[in-house]
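Undergrad: Next up, model_7.cif (mmCIF, C-alpha atoms (C1' of nucleotides)).
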```
data_data
#
loop_
_atom_site.label_atom_id
_atom_site.label_comp_id
_atom_site.auth_asym_id
_atom_site.auth_seq_id
_atom_site.Cartn_x
_atom_site.Cartn_y
_atom_site.Cartn_z
CA MET A 22 0.00 0.00 0.00
CA MET A 23 1.33 3.36 -0.95
CA PHE A 24 -1.08 5.72 0.79
CA SER A 25 -2.65 4.89 4.13
CA THR A 26 -6.25 5.37 5.12
CA LYS A 27 -5.19 8.75 6.41
CA SER A 28 -5.24 9.93 2.83
CA GLU A 29 -8.31 7.92 1.96
CA TYR A 30 -10.40 9.26 4.84
CA GLY A 31 -8.95 12.74 4.65
CA VAL A 32 -9.79 13.16 0.99
CA ARG A 33 -13.32 11.95 1.68
CA VAL A 34 -13.71 14.55 4.40
CA MET A 35 -12.56 17.26 2.02
CA VAL A 36 -15.04 16.12 -0.61
CA GLU A 37 -17.87 16.23 1.91
CA LEU A 38 -16.90 19.74 2.95
CA ALA A 39 -16.72 20.84 -0.66
CA ARG A 40 -20.15 19.47 -1.45
CA GLN A 41 -21.77 21.48 1.31
CA SER A 42 -19.73 24.55 0.63
CA GLY A 43 -21.78 27.29 2.26
CA GLU A 44 -21.16 29.65 5.12
CA GLU A 45 -22.44 27.16 7.65
CA PRO A 46 -19.76 24.90 9.13
CA ILE A 47 -20.39 21.16 9.13
CA PRO A 48 -19.90 19.23 12.37
CA LEU A 49 -17.47 16.36 12.05
CA ALA A 50 -19.95 13.93 13.56
CA GLU A 51 -22.19 14.48 10.56
CA ILE A 52 -19.40 13.65 8.11
CA ALA A 53 -18.38 10.60 10.11
CA GLU A 54 -21.88 9.21 10.13
CA ARG A 55 -22.52 9.92 6.49
CA GLY A 56 -19.31 8.17 5.43
CA GLY A 57 -19.40 5.43 8.02
CA LEU A 58 -16.04 6.53 9.38
CA PRO A 59 -14.84 6.53 13.02
CA LEU A 60 -15.35 10.00 14.44
CA ALA A 61 -12.50 9.92 16.95
CA TYR A 62 -10.08 8.99 14.20
CA LEU A 63 -11.30 11.71 11.86
CA GLU A 64 -10.53 14.27 14.53
CA HIS A 65 -6.84 13.44 14.19
CA LEU A 66 -6.91 13.74 10.45
CA VAL A 67 -8.86 16.97 10.35
CA ALA A 68 -6.39 18.44 12.81
CA ARG A 69 -3.66 17.94 10.23
CA LEU A 70 -5.78 19.54 7.56
CA ARG A 71 -6.38 22.52 9.79
CA LYS A 72 -2.71 22.98 10.62
CA ALA A 73 -1.98 22.91 6.90
CA GLY A 74 -4.46 25.72 6.38
CA LEU A 75 -6.80 23.68 4.23
CA VAL A 76 -9.85 23.86 6.49
CA ASP A 77 -11.16 26.38 9.00
CA SER A 78 -12.96 25.49 12.19
CA ARG A 79 -15.62 27.05 14.40
CA ARG A 80 -15.87 25.91 17.95
CA GLY A 81 -18.86 25.68 20.17
CA SER A 82 -22.48 24.98 19.49
CA ARG A 83 -23.40 25.02 15.80
CA GLY A 84 -19.70 24.81 15.07
CA GLY A 85 -17.84 22.54 12.69
CA TYR A 86 -15.46 22.65 9.78
CA LEU A 87 -15.44 24.37 6.40
CA LEU A 88 -13.03 24.75 3.54
CA ALA A 89 -10.45 27.48 3.89
CA ARG A 90 -10.42 28.08 0.13
CA SER A 91 -12.40 27.39 -2.99
CA PRO A 92 -12.34 23.75 -4.13
CA THR A 93 -10.68 24.83 -7.38
CA GLU A 94 -7.81 26.28 -5.34
CA ILE A 95 -7.09 23.12 -3.36
CA THR A 96 -4.91 20.49 -4.99
CA MET A 97 -4.71 16.88 -3.91
CA ALA A 98 -0.98 17.35 -3.50
CA GLU A 99 -1.64 19.72 -0.61
CA VAL A 100 -4.20 17.41 0.96
CA VAL A 101 -2.13 14.25 0.71
CA GLU A 102 1.02 15.95 1.89
CA ALA A 103 -0.77 17.40 4.90
CA LEU A 104 -2.09 13.98 5.83
CA GLU A 105 0.89 11.75 5.08
CA GLY A 106 3.66 14.13 6.02
CA SER A 107 5.58 13.99 2.78
CA ILE A 108 5.42 12.39 -0.61
CA ALA A 109 8.30 10.02 -1.20
CA PRO A 110 8.03 6.84 -3.24
CA ILE A 111 10.72 5.10 -1.24
CA GLU A 112 12.62 5.62 1.97
CA CYS A 113 16.03 6.36 0.49
CA ILE A 114 14.66 9.24 -1.60
CA THR A 115 13.87 12.55 0.03
CA GLU A 116 13.44 16.10 -1.12
CA GLY A 117 16.16 18.50 -0.05
CA ALA A 118 15.53 22.03 1.12
CA ASP A 119 16.41 23.40 -2.30
CA GLY A 120 13.99 21.07 -4.02
CA SER A 121 16.62 18.68 -5.28
CA ILE A 122 16.16 14.96 -4.88
CA VAL A 123 18.56 13.33 -2.47
CA CYS A 124 19.38 9.63 -2.19
CA SER A 125 20.45 8.65 1.31
CA ARG A 126 22.44 5.70 -0.05
CA GLU A 127 24.65 8.03 -2.01
CA THR A 128 27.50 8.48 0.41
CA ASP A 129 30.16 8.71 -2.23
CA PRO A 130 29.34 11.61 -4.58
CA ALA A 131 31.58 10.03 -7.22
CA HIS A 132 29.37 7.16 -8.30
CA VAL A 133 25.69 8.01 -8.38
CA CYS A 134 22.98 5.63 -7.26
CA PRO A 135 21.77 3.73 -10.33
CA THR A 136 18.20 3.47 -9.08
CA LYS A 137 17.87 7.16 -8.33
CA LEU A 138 16.65 7.85 -11.85
CA LEU A 139 13.75 5.45 -11.40
CA TRP A 140 12.50 6.76 -8.06
CA THR A 141 12.90 10.34 -9.16
CA ARG A 142 10.74 9.68 -12.18
CA VAL A 143 8.12 7.91 -10.12
CA ARG A 144 7.97 10.65 -7.52
CA PHE A 145 7.69 13.28 -10.18
CA SER A 146 4.79 11.58 -11.90
CA ILE A 147 2.92 11.11 -8.64
CA VAL A 148 3.36 14.69 -7.55
CA ARG A 149 2.36 16.00 -10.94
CA THR A 150 -0.81 13.94 -10.93
CA LEU A 151 -1.72 15.04 -7.41
CA GLN A 152 -1.19 18.65 -8.35
CA ASP A 153 -3.20 18.38 -11.53
CA THR A 154 -6.19 17.10 -9.58
CA THR A 155 -8.13 19.66 -7.56
CA LEU A 156 -10.83 19.10 -5.02
CA ALA A 157 -13.27 20.52 -7.53
CA ASP A 158 -12.44 17.73 -9.95
CA LEU A 159 -13.56 15.12 -7.44
CA VAL A 160 -16.71 16.93 -6.43
CA LEU A 161 -17.86 17.28 -10.01
CA GLY A 162 -17.58 13.54 -10.28
CA PRO A 163 -17.27 11.41 -13.38
CA SER A 164 -19.16 13.89 -15.47
CA LEU A 165 -15.87 15.28 -16.73
CA PRO A 166 -14.91 15.05 -20.39
CA ALA A 167 -13.05 11.82 -21.02
CA SER A 168 -9.32 12.40 -20.89
CA PRO A 169 -6.55 9.81 -20.83
CA LEU A 170 -6.41 10.27 -17.10
CA THR A 171 -10.11 10.10 -16.44
CA THR A 172 -11.44 6.97 -14.85
CA GLY A 173 -13.21 4.80 -17.34
CA PRO A 174 -15.07 1.52 -17.43
CA ALA A 175 -11.91 -0.33 -18.31
CA LEU A 176 -8.54 1.23 -17.67
CA PRO A 177 -5.77 -0.59 -19.51
CA ALA A 178 -4.27 -3.47 -17.60
CA LEU A 179 -0.71 -3.19 -16.40
CA ASP A 180 0.71 -5.05 -19.37
CA ALA A 181 -1.50 -3.28 -21.86
CA VAL A 182 -0.04 0.19 -21.41
CA PRO A 183 2.33 0.82 -24.28
CA ARG A 184 5.89 1.79 -23.56
CA THR A 185 7.46 4.74 -25.21
CA VAL A 186 10.98 3.39 -24.96
CA ALA A 187 11.99 1.39 -27.97
CA SER A 188 12.56 -2.25 -27.15
CA MET B 23 6.68 5.32 2.19
CA MET B 24 5.15 4.00 -0.94
CA PHE B 25 7.53 1.24 -2.00
CA SER B 26 9.28 -0.94 0.55
CA THR B 27 12.92 -1.92 0.53
CA LYS B 28 11.85 -5.00 -1.36
CA SER B 29 11.66 -2.84 -4.44
CA GLU B 30 14.75 -0.87 -3.54
CA TYR B 31 16.95 -3.91 -2.99
CA GLY B 32 15.37 -5.89 -5.81
CA VAL B 33 16.00 -3.19 -8.37
CA ARG B 34 19.60 -2.93 -7.21
CA VAL B 35 20.05 -6.65 -7.70
CA MET B 36 18.67 -6.39 -11.21
CA VAL B 37 21.04 -3.54 -12.00
CA GLU B 38 24.01 -5.56 -10.77
CA LEU B 39 22.99 -8.52 -12.91
CA ALA B 40 22.57 -6.29 -15.93
CA ARG B 41 26.00 -4.74 -15.48
CA GLN B 42 27.71 -8.11 -15.58
CA SER B 43 25.54 -9.47 -18.33
CA GLY B 44 27.59 -12.38 -19.66
CA GLU B 45 27.06 -16.11 -19.77
CA GLU B 46 28.55 -16.58 -16.33
CA PRO B 47 26.03 -16.49 -13.49
CA ILE B 48 26.75 -14.23 -10.54
CA PRO B 49 26.48 -15.66 -7.02
CA LEU B 50 24.10 -13.76 -4.78
CA ALA B 51 26.74 -13.42 -2.09
CA GLU B 52 28.81 -11.30 -4.45
CA ILE B 53 25.93 -8.95 -5.10
CA ALA B 54 25.12 -8.73 -1.42
CA GLU B 55 28.66 -7.81 -0.49
CA ARG B 56 29.08 -5.32 -3.30
CA GLY B 57 25.89 -3.48 -2.38
CA GLY B 58 26.17 -3.89 1.38
CA LEU B 59 22.88 -5.73 1.51
CA PRO B 60 21.87 -8.65 3.78
CA LEU B 61 22.35 -11.88 1.85
CA ALA B 62 19.66 -13.89 3.63
CA TYR B 63 17.11 -11.21 2.84
CA LEU B 64 18.10 -10.97 -0.81
CA GLU B 65 17.37 -14.67 -1.16
CA HIS B 66 13.71 -13.96 -0.52
CA LEU B 67 13.60 -11.18 -3.04
CA VAL B 68 15.45 -12.99 -5.80
CA ALA B 69 13.07 -15.91 -5.35
CA ARG B 70 10.23 -13.61 -6.34
CA LEU B 71 12.16 -12.38 -9.33
CA ARG B 72 12.80 -15.95 -10.42
CA LYS B 73 9.15 -16.99 -10.09
CA ALA B 74 8.22 -13.97 -12.21
CA GLY B 75 10.58 -15.16 -14.92
CA LEU B 76 12.86 -12.14 -14.70
CA VAL B 77 16.03 -13.99 -13.69
CA ASP B 78 17.40 -17.48 -14.28
CA SER B 79 19.39 -19.46 -11.75
CA ARG B 80 22.10 -22.14 -11.81
CA ARG B 81 22.52 -24.29 -8.77
CA GLY B 82 25.64 -25.83 -7.40
CA SER B 83 29.19 -24.68 -7.36
CA ARG B 84 29.94 -21.80 -9.72
CA GLY B 85 26.23 -21.20 -9.85
CA GLY B 86 24.35 -17.97 -9.39
CA TYR B 87 21.84 -15.76 -11.09
CA LEU B 88 21.60 -14.08 -14.48
CA LEU B 89 19.01 -12.07 -16.34
CA ALA B 90 16.35 -14.05 -18.18
CA ARG B 91 16.09 -11.39 -20.87
CA SER B 92 17.90 -8.42 -22.29
CA PRO B 93 17.90 -5.30 -20.06
CA THR B 94 16.03 -3.40 -22.76
CA GLU B 95 13.24 -5.98 -22.55
CA ILE B 96 12.73 -5.70 -18.79
CA THR B 97 10.55 -2.89 -17.51
CA MET B 98 10.52 -1.60 -13.97
CA ALA B 99 6.80 -2.32 -13.86
CA GLU B 100 7.55 -6.02 -14.10
CA VAL B 101 10.28 -5.84 -11.48
CA VAL B 102 8.29 -3.82 -8.96
CA GLU B 103 5.15 -5.87 -9.45
CA ALA B 104 7.08 -9.10 -8.93
CA LEU B 105 8.56 -7.75 -5.71
CA GLU B 106 5.62 -5.92 -4.20
CA GLY B 107 2.85 -8.20 -5.38
CA SER B 108 0.72 -5.57 -7.03
CA ILE B 109 0.75 -1.89 -7.71
CA ALA B 110 -2.07 -0.14 -5.90
CA PRO B 111 -1.80 3.38 -4.50
CA ILE B 112 -4.32 2.69 -1.75
CA GLU B 113 -6.01 -0.27 -0.15
CA CYS B 114 -9.52 0.36 -1.41
CA ILE B 115 -8.38 0.37 -5.04
CA THR B 116 -7.56 -2.86 -6.81
CA GLU B 117 -7.35 -4.00 -10.39
CA GLY B 118 -10.04 -6.42 -11.47
CA ALA B 119 -9.43 -9.43 -13.66
CA ASP B 120 -10.63 -7.53 -16.72
CA GLY B 121 -8.23 -4.67 -16.05
CA SER B 122 -10.86 -2.32 -14.71
CA ILE B 123 -10.26 -0.42 -11.50
CA VAL B 124 -12.42 -1.48 -8.61
CA CYS B 125 -13.12 0.46 -5.41
CA SER B 126 -13.91 -1.82 -2.50
CA ARG B 127 -15.92 0.94 -0.79
CA GLU B 128 -18.31 1.07 -3.70
CA THR B 129 -21.01 -1.25 -2.47
CA ASP B 130 -23.85 0.62 -4.05
CA PRO B 131 -23.26 0.83 -7.82
CA ALA B 132 -25.62 3.79 -7.98
CA HIS B 133 -23.37 6.44 -6.43
CA VAL B 134 -19.74 6.15 -7.41
CA CYS B 135 -16.88 6.77 -5.00
CA PRO B 136 -15.85 10.42 -5.36
CA THR B 137 -12.21 9.70 -4.63
CA LYS B 138 -11.91 6.90 -7.17
CA LEU B 139 -10.95 9.38 -9.87
CA LEU B 140 -7.97 10.53 -7.86
CA TRP B 141 -6.54 7.12 -7.03
CA THR B 142 -7.13 5.87 -10.55
CA ARG B 143 -5.16 8.78 -11.92
CA VAL B 144 -2.34 8.25 -9.47
CA ARG B 145 -2.10 4.54 -10.16
CA PHE B 146 -2.11 5.14 -13.87
CA SER B 147 0.71 7.65 -13.72
CA ILE B 148 2.84 5.36 -11.56
CA VAL B 149 2.33 2.36 -13.81
CA ARG B 150 3.05 4.37 -16.90
CA THR B 151 6.29 5.67 -15.47
CA LEU B 152 7.40 2.24 -14.35
CA GLN B 153 6.69 0.83 -17.78
CA ASP B 154 8.51 3.61 -19.56
CA THR B 155 11.66 2.86 -17.59
CA THR B 156 13.62 -0.23 -18.56
CA LEU B 157 16.49 -1.87 -16.78
CA ALA B 158 18.75 -0.66 -19.55
CA ASP B 159 17.85 2.95 -18.69
CA LEU B 160 19.21 2.52 -15.17
CA VAL B 161 22.36 0.70 -16.21
CA LEU B 162 23.31 3.40 -18.69
CA GLY B 163 23.11 5.85 -15.83
CA PRO B 164 22.56 9.59 -15.99
CA SER B 165 24.27 9.87 -19.35
CA LEU B 166 20.88 9.95 -21.03
CA PRO B 167 19.70 12.98 -22.97
CA ALA B 168 17.98 15.38 -20.63
CA SER B 169 14.25 14.80 -20.73
CA PRO B 170 11.59 16.28 -18.44
CA LEU B 171 11.66 13.02 -16.51
CA THR B 172 15.39 12.69 -16.26
CA THR B 173 16.87 13.31 -12.87
CA GLY B 174 18.54 16.63 -12.72
CA PRO B 175 20.52 18.67 -10.25
CA ALA B 176 17.41 20.41 -9.05
CA LEU B 177 14.04 18.83 -9.69
CA PRO B 178 11.22 21.30 -9.09
CA ALA B 179 9.95 21.37 -5.54
CA LEU B 180 6.48 20.16 -4.80
CA ASP B 181 4.95 23.61 -4.91
CA ALA B 182 6.95 24.66 -7.93
CA VAL B 183 5.46 22.20 -10.38
CA PRO B 184 2.93 24.07 -12.47
CA ARG B 185 -0.62 22.81 -12.57
CA THR B 186 -2.40 22.38 -15.85
CA VAL B 187 -5.84 22.86 -14.37
CA ALA B 188 -6.98 26.45 -14.47
CA SER B 189 -7.31 27.97 -11.04
"C1'" DT C 15 -25.38 31.90 33.73
"C1'" DT C 16 -25.69 27.45 32.59
"C1'" DG C 17 -25.68 23.66 29.90
"C1'" DA C 18 -24.94 21.58 25.53
"C1'" DT C 19 -22.27 21.23 21.59
"C1'" DA C 20 -18.19 20.42 19.28
"C1'" DC C 21 -13.41 21.32 18.67
"C1'" DC C 22 -8.81 20.12 20.73
"C1'" DC C 23 -5.01 17.54 22.92
"C1'" DT C 24 -2.34 13.56 24.91
"C1'" DA C 25 -1.79 8.69 25.92
"C1'" DG C 26 -2.03 4.35 24.92
"C1'" DC C 27 -3.40 -0.32 22.84
"C1'" DG C 28 -3.77 -4.30 19.51
"C1'" DC C 29 -2.53 -5.98 15.44
"C1'" DT C 30 -0.28 -6.47 11.14
"C1'" DC C 31 3.73 -6.61 8.41
"C1'" DA C 32 8.19 -5.15 6.84
"C1'" DG C 33 12.75 -6.49 7.49
"C1'" DG C 34 15.72 -9.74 8.76
"C1'" DT C 35 17.71 -14.28 10.96
"C1'" DA C 36 18.40 -19.22 11.27
"C1'" DG C 37 19.03 -23.69 9.75
"C1'" DG C 38 18.30 -27.16 6.88
"C1'" DT C 39 18.18 -29.54 2.00
"C1'" DA C 40 19.23 -30.06 -2.95
"C1'" DT C 41 22.38 -29.61 -6.68
"C1'" DT C 42 26.64 -28.92 -9.17
"C1'" DC C 43 31.73 -28.34 -9.97
"C1'" DG C 44 36.49 -29.62 -9.27
"C1'" DC D 6 34.17 -36.45 -1.57
"C1'" DG D 7 33.54 -31.65 -0.21
"C1'" DA D 8 33.19 -27.01 -1.14
"C1'" DA D 9 30.11 -23.79 -3.10
"C1'" DT D 10 25.80 -22.26 -4.20
"C1'" DA D 11 20.82 -22.17 -4.86
"C1'" DC D 12 16.53 -23.18 -2.46
"C1'" DC D 13 13.01 -23.74 1.16
"C1'" DT D 14 10.50 -23.17 5.67
"C1'" DA D 15 10.02 -21.33 9.86
"C1'" DC D 16 10.64 -17.90 13.11
"C1'" DC D 17 11.68 -13.44 15.44
"C1'" DT D 18 11.27 -8.40 16.43
"C1'" DG D 19 10.33 -3.59 16.18
"C1'" DA D 20 7.59 0.02 14.23
"C1'" DG D 21 3.63 2.11 12.72
"C1'" DC D 22 -1.18 2.03 11.27
"C1'" DG D 23 -5.77 2.33 12.75
"C1'" DC D 24 -8.28 3.30 16.43
"C1'" DT D 25 -9.99 4.17 21.33
"C1'" DA D 26 -10.19 6.77 25.80
"C1'" DG D 27 -10.84 10.58 28.19
"C1'" DG D 28 -10.21 14.84 29.60
"C1'" DG D 29 -9.93 19.95 28.44
"C1'" DT D 30 -11.49 24.23 26.27
"C1'" DA D 31 -13.98 27.46 23.45
"C1'" DT D 32 -18.46 29.02 21.91
"C1'" DC D 33 -23.39 29.39 21.35
"C1'" DA D 34 -28.41 28.95 22.62
"C1'" DA D 35 -31.65 29.65 25.96
#
```
Here is a file; write its structure as structure tokens.

TA:
Amino acid sequence: MMFSTKSEYGVRVMVELARQSGEEPIPLAEIAERGGLPLAYLEHLVARLRKAGLVDSRRGSRGGYLLARSPTEITMAEVVEALEGSIAPIECITEGADGSIVCSRETDPAHVCPTKLLWTRVRFSIVRTLQDTTLADLVLGPSLPASPLTTGPALPALDAVPRTVAS
Amino acid sequence: MMFSTKSEYGVRVMVELARQSGEEPIPLAEIAERGGLPLAYLEHLVARLRKAGLVDSRRGSRGGYLLARSPTEITMAEVVEALEGSIAPIECITEGADGSIVCSRETDPAHVCPTKLLWTRVRFSIVRTLQDTTLADLVLGPSLPASPLTTGPALPALDAVPRTVAS
DNA sequence: TTGATACCCTAGCGCTCAGGTAGGTATTCG
DNA sequence: CGAATACCTACCTGAGCGCTAGGGTATCAA
């Protein structure tokens, strides 16, 4: 598994908030019940979302949570990163402060890690996809125009996706 | 973490085998020592690679492992899938027998899972990247022509990657 | 003011699984 | 033969995920 239920539940919470996007905050208990999710656990997740500035909260009676921004302004990259901590395909690959990709196995700068190219590519494609998908995309549902990335009745199987590299 | 060390170590083993791609098999102990990896653990991983038909083995003295095919004919999708079991970004998403993407939370076929679009996109981009990268790409190292996917000195930071969706 | 509502924080628990060890057996070369 | 190597099964251990428990605190309705 690549993403934990933190991301799964957290994204669902965001979708629920986006659907009822008015001035009135939505109590978390309502979201939990509607989605069949454990309330006490959601509280942890929504705390991360709040600290990341993705949701606002109102305490007290008639309180609850609401989106901090418009659904079109919230990317899945922000949501997932807030929930999971960071986006790294594998442990030895991390993002340096300057945005460069660092391999922890690379002690000797002379010979580079041969697998670094692979994990860098993978990370890049994941991040790009997460950033290209906004909360609004999910709320609108599958009524989007069919693009290569849109979910369809039958996505190509693993072996069916053509490779661009000549064999 | 999205991929375990199974993939990390396994890919390294494949690279080592590709580098010494002759008729002579390479004993696993040699690979383990060269990469500073635990031999007993590599035995588990290489067993998966063998069952997937990616490497051949010769028993007995002067035995060892060698690639079953040319490095240009081995994609990282095959390697990672053999090691990890399957490629799924999140638990609730699996690939059906017909290649379609199935969400386990979708009990009622009437209302589709709103987050399915996201995870389908993510899975697709990962698989595509893994299939576009062959073992030969890694062995040749960073001497490839610079492409948008090629590892560079400074890959864009998470927030620096431009989004294609209008804000 | 008082209670109810709901956010907020810290601790901890059970279980799975990744990561690795151990020890034995089968097979081949010299 | 015996050294080297693949191959198989079982087992161990620590960490983290998923979740619960329970108290605290802010805010609103009445």

Undergrad: Counting only C-alpha atoms (C1' of nucleotides), a student should be able to say which residues of chain C come within 10 Å of chain B; what is the right answer, written as a list in words?

TA: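 That gives DA32, DG33, DG34, DT35, DA36, DA40, DT41, DT42, DC43 and DG44 of chain C for chain C.
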
Undergrad: Please compute the CA of Leu161 (chain A)-CA of Leu139 (chain B) distance, one decimal, in Å.

TA: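 The value is 10.5 Å.
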
Undergrad: Please identify every residue of chain D that has at least one atom no farther than 12 Å from an atom of chain B, counting all atoms listed in the file, and for each give the shortest atom pair and the distance in Å to one decimal, arranged by chain then increasing number, as a tab-separated table.

TA:
```
residue	atom	partner	partner_atom	distance
D:DG7	C1'	B:Ser83	CA	10.9
D:DA8	C1'	B:Ser83	CA	7.8
D:DA9	C1'	B:Ser83	CA	4.4
D:DT10	C1'	B:Gly82	CA	4.8
D:DA11	C1'	B:Arg81	CA	4.8
D:DC12	C1'	B:Ala69	CA	8.6
D:DC13	C1'	B:His66	CA	9.9
D:DT14	C1'	B:His66	CA	11.6
D:DG21	C1'	B:Met23	CA	11.4
```

Undergrad: Would you please work out which residue, of B:Ala90, B:Ala110, B:Met36, B:Ile115, is nearest to chain A when using all atoms listed in the file?

TA: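 Once distances to chain A are computed over all atoms listed in the file, the minimum belongs to B:Ala110.
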
Undergrad: Can you tell me how far CA of Trp140 (chain A) sits from CA of Arg145 (chain B), in Å to one decimal?

TA: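 Taking CA of Trp140 (chain A) as the start and CA of Arg145 (chain B) as the end point, the length is 14.9 Å.
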
Undergrad: Quick check, in Å to one decimal: how far apart do CA of Asp159 (chain B) and CA of Gly44 (chain B) lie?

TA: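 Taking CA of Asp159 (chain B) and CA of Gly44 (chain B), their separation equals 18.2 Å.
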
Undergrad: Determine the residue set returned by the PyMOL selection byres ((chain A and resi 28-33) around 10) for the present structure, and present it as a ChimeraX atom specification.

TA: /A:24-27,34-39,52-53,56,58-59,62-63,65-67,69-70,97,100-105,156,159 /B:112-114,135-138,140-141

Undergrad: Determine, counting all atoms listed in the file, which protein, DNA and RNA residues have an atom within 12 Å of an atom of DG27 (chain D); residues of the same chain fewer than 6 positions away are not included. Present the result as an mmCIF file with C-alpha atoms (C1' of nucleotides), keeping the file's coordinate frame.

TA:
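Saved result, selection-v9.cif, follows:
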```cif
data_model
loop_
_atom_site.group_PDB
_atom_site.id
_atom_site.type_symbol
_atom_site.label_atom_id
_atom_site.label_comp_id
_atom_site.auth_asym_id
_atom_site.auth_seq_id
_atom_site.Cartn_x
_atom_site.Cartn_y
_atom_site.Cartn_z
ATOM 1 C CA ALA A 61 -12.500 9.920 16.950
ATOM 2 C "C1'" DC C 23 -5.010 17.540 22.920
ATOM 3 C "C1'" DT C 24 -2.340 13.560 24.910
ATOM 4 C "C1'" DA C 25 -1.790 8.690 25.920
ATOM 5 C "C1'" DG C 26 -2.030 4.350 24.920
#
```

Undergrad: So which residues are close to (-7.4, 22.0, -8.1), meaning at most 8 Å away in the file's coordinates with only C-alpha atoms (C1' of nucleotides) counted, and can you show them as a short mmCIF file (atom, residue, chain, number, x, y, z; two decimals) with C-alpha atoms, keeping the file's coordinate frame?

TA:
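New file out-v6.cif:
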```cif
data_model
loop_
_atom_site.label_atom_id
_atom_site.label_comp_id
_atom_site.auth_asym_id
_atom_site.auth_seq_id
_atom_site.Cartn_x
_atom_site.Cartn_y
_atom_site.Cartn_z
CA PRO A 92 -12.34 23.75 -4.13
CA THR A 93 -10.68 24.83 -7.38
CA GLU A 94 -7.81 26.28 -5.34
CA ILE A 95 -7.09 23.12 -3.36
CA THR A 96 -4.91 20.49 -4.99
CA MET A 97 -4.71 16.88 -3.91
CA GLN A 152 -1.19 18.65 -8.35
CA ASP A 153 -3.20 18.38 -11.53
CA THR A 154 -6.19 17.10 -9.58
CA THR A 155 -8.13 19.66 -7.56
CA LEU A 156 -10.83 19.10 -5.02
CA ALA A 157 -13.27 20.52 -7.53
CA ASP A 158 -12.44 17.73 -9.95
CA VAL B 187 -5.84 22.86 -14.37
CA ALA B 188 -6.98 26.45 -14.47
CA SER B 189 -7.31 27.97 -11.04
#
```

Undergrad: Using only C-alpha atoms, which residue out of A:Asp77, A:Met23, A:Leu88, A:Arg71 lies closest to chain B?

TA: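 For chain B, the nearest of the given residues is A:Met23.
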
Undergrad: Counting only C-alpha atoms (C1' of nucleotides), what is within 12 Å of DC29 (chain C), bar same-chain residues fewer than 3 positions away, as a PyMOL selection string?

TA: chain D and resi 20-24

Undergrad: Could you take the residues named above and write them with C-alpha atoms (C1' of nucleotides), as a tab-separated table (two decimals), keeping the file's coordinate frame?

TA:
```
chain	number	residue	atom	x	y	z
D	20	DA	C1'	7.59	0.02	14.23
D	21	DG	C1'	3.63	2.11	12.72
D	22	DC	C1'	-1.18	2.03	11.27
D	23	DG	C1'	-5.77	2.33	12.75
D	24	DC	C1'	-8.28	3.30	16.43
```

Undergrad: So what does the PyMOL selection byres ((chain C and resi 15) around 12) actually pick up in this one, as a PyMOL selection string?

TA: (chain C and resi 16-17) or (chain D and resi 34-35)

Undergrad: Using all atoms listed in the file, which of B:Glu55, B:Asp120, B:Glu45, B:Glu128 sits nearest chain A?

TA: B:Asp120

Undergrad: Out of A:Glu116, A:Ser42, A:Arg126, A:Pro110, which residue has the shortest atom-to-atom distance to chain B when counting only C-alpha atoms?

TA: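 Under the stated criterion, the closest residue is A:Pro110.
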
Undergrad: Kindly indicate which residue among B:Arg56, B:His133, B:Lys73, B:Arg150 lies nearest to chain A, using all atoms listed in the file for the distances.

TA: B:Arg150

Undergrad: Padding of 3 Å on every side, edges along x, y and z, all listed atoms of region 31-35 of chain D included: what centre and edge lengths in Å, to one decimal, does that box have, as AutoDock Vina command-line options?

TA:
```
--center_x -22.8 --center_y 28.6 --center_z 23.7 --size_x 23.7 --size_y 8.2 --size_z 10.6
```

Undergrad: For each of A:Ser91, A:Ser146, A:Ser125, A:Gln41, take the minimum atom-to-atom distance to chain B, counting all atoms listed in the file, then give the residue where this is smallest.

TA: A:Ser146
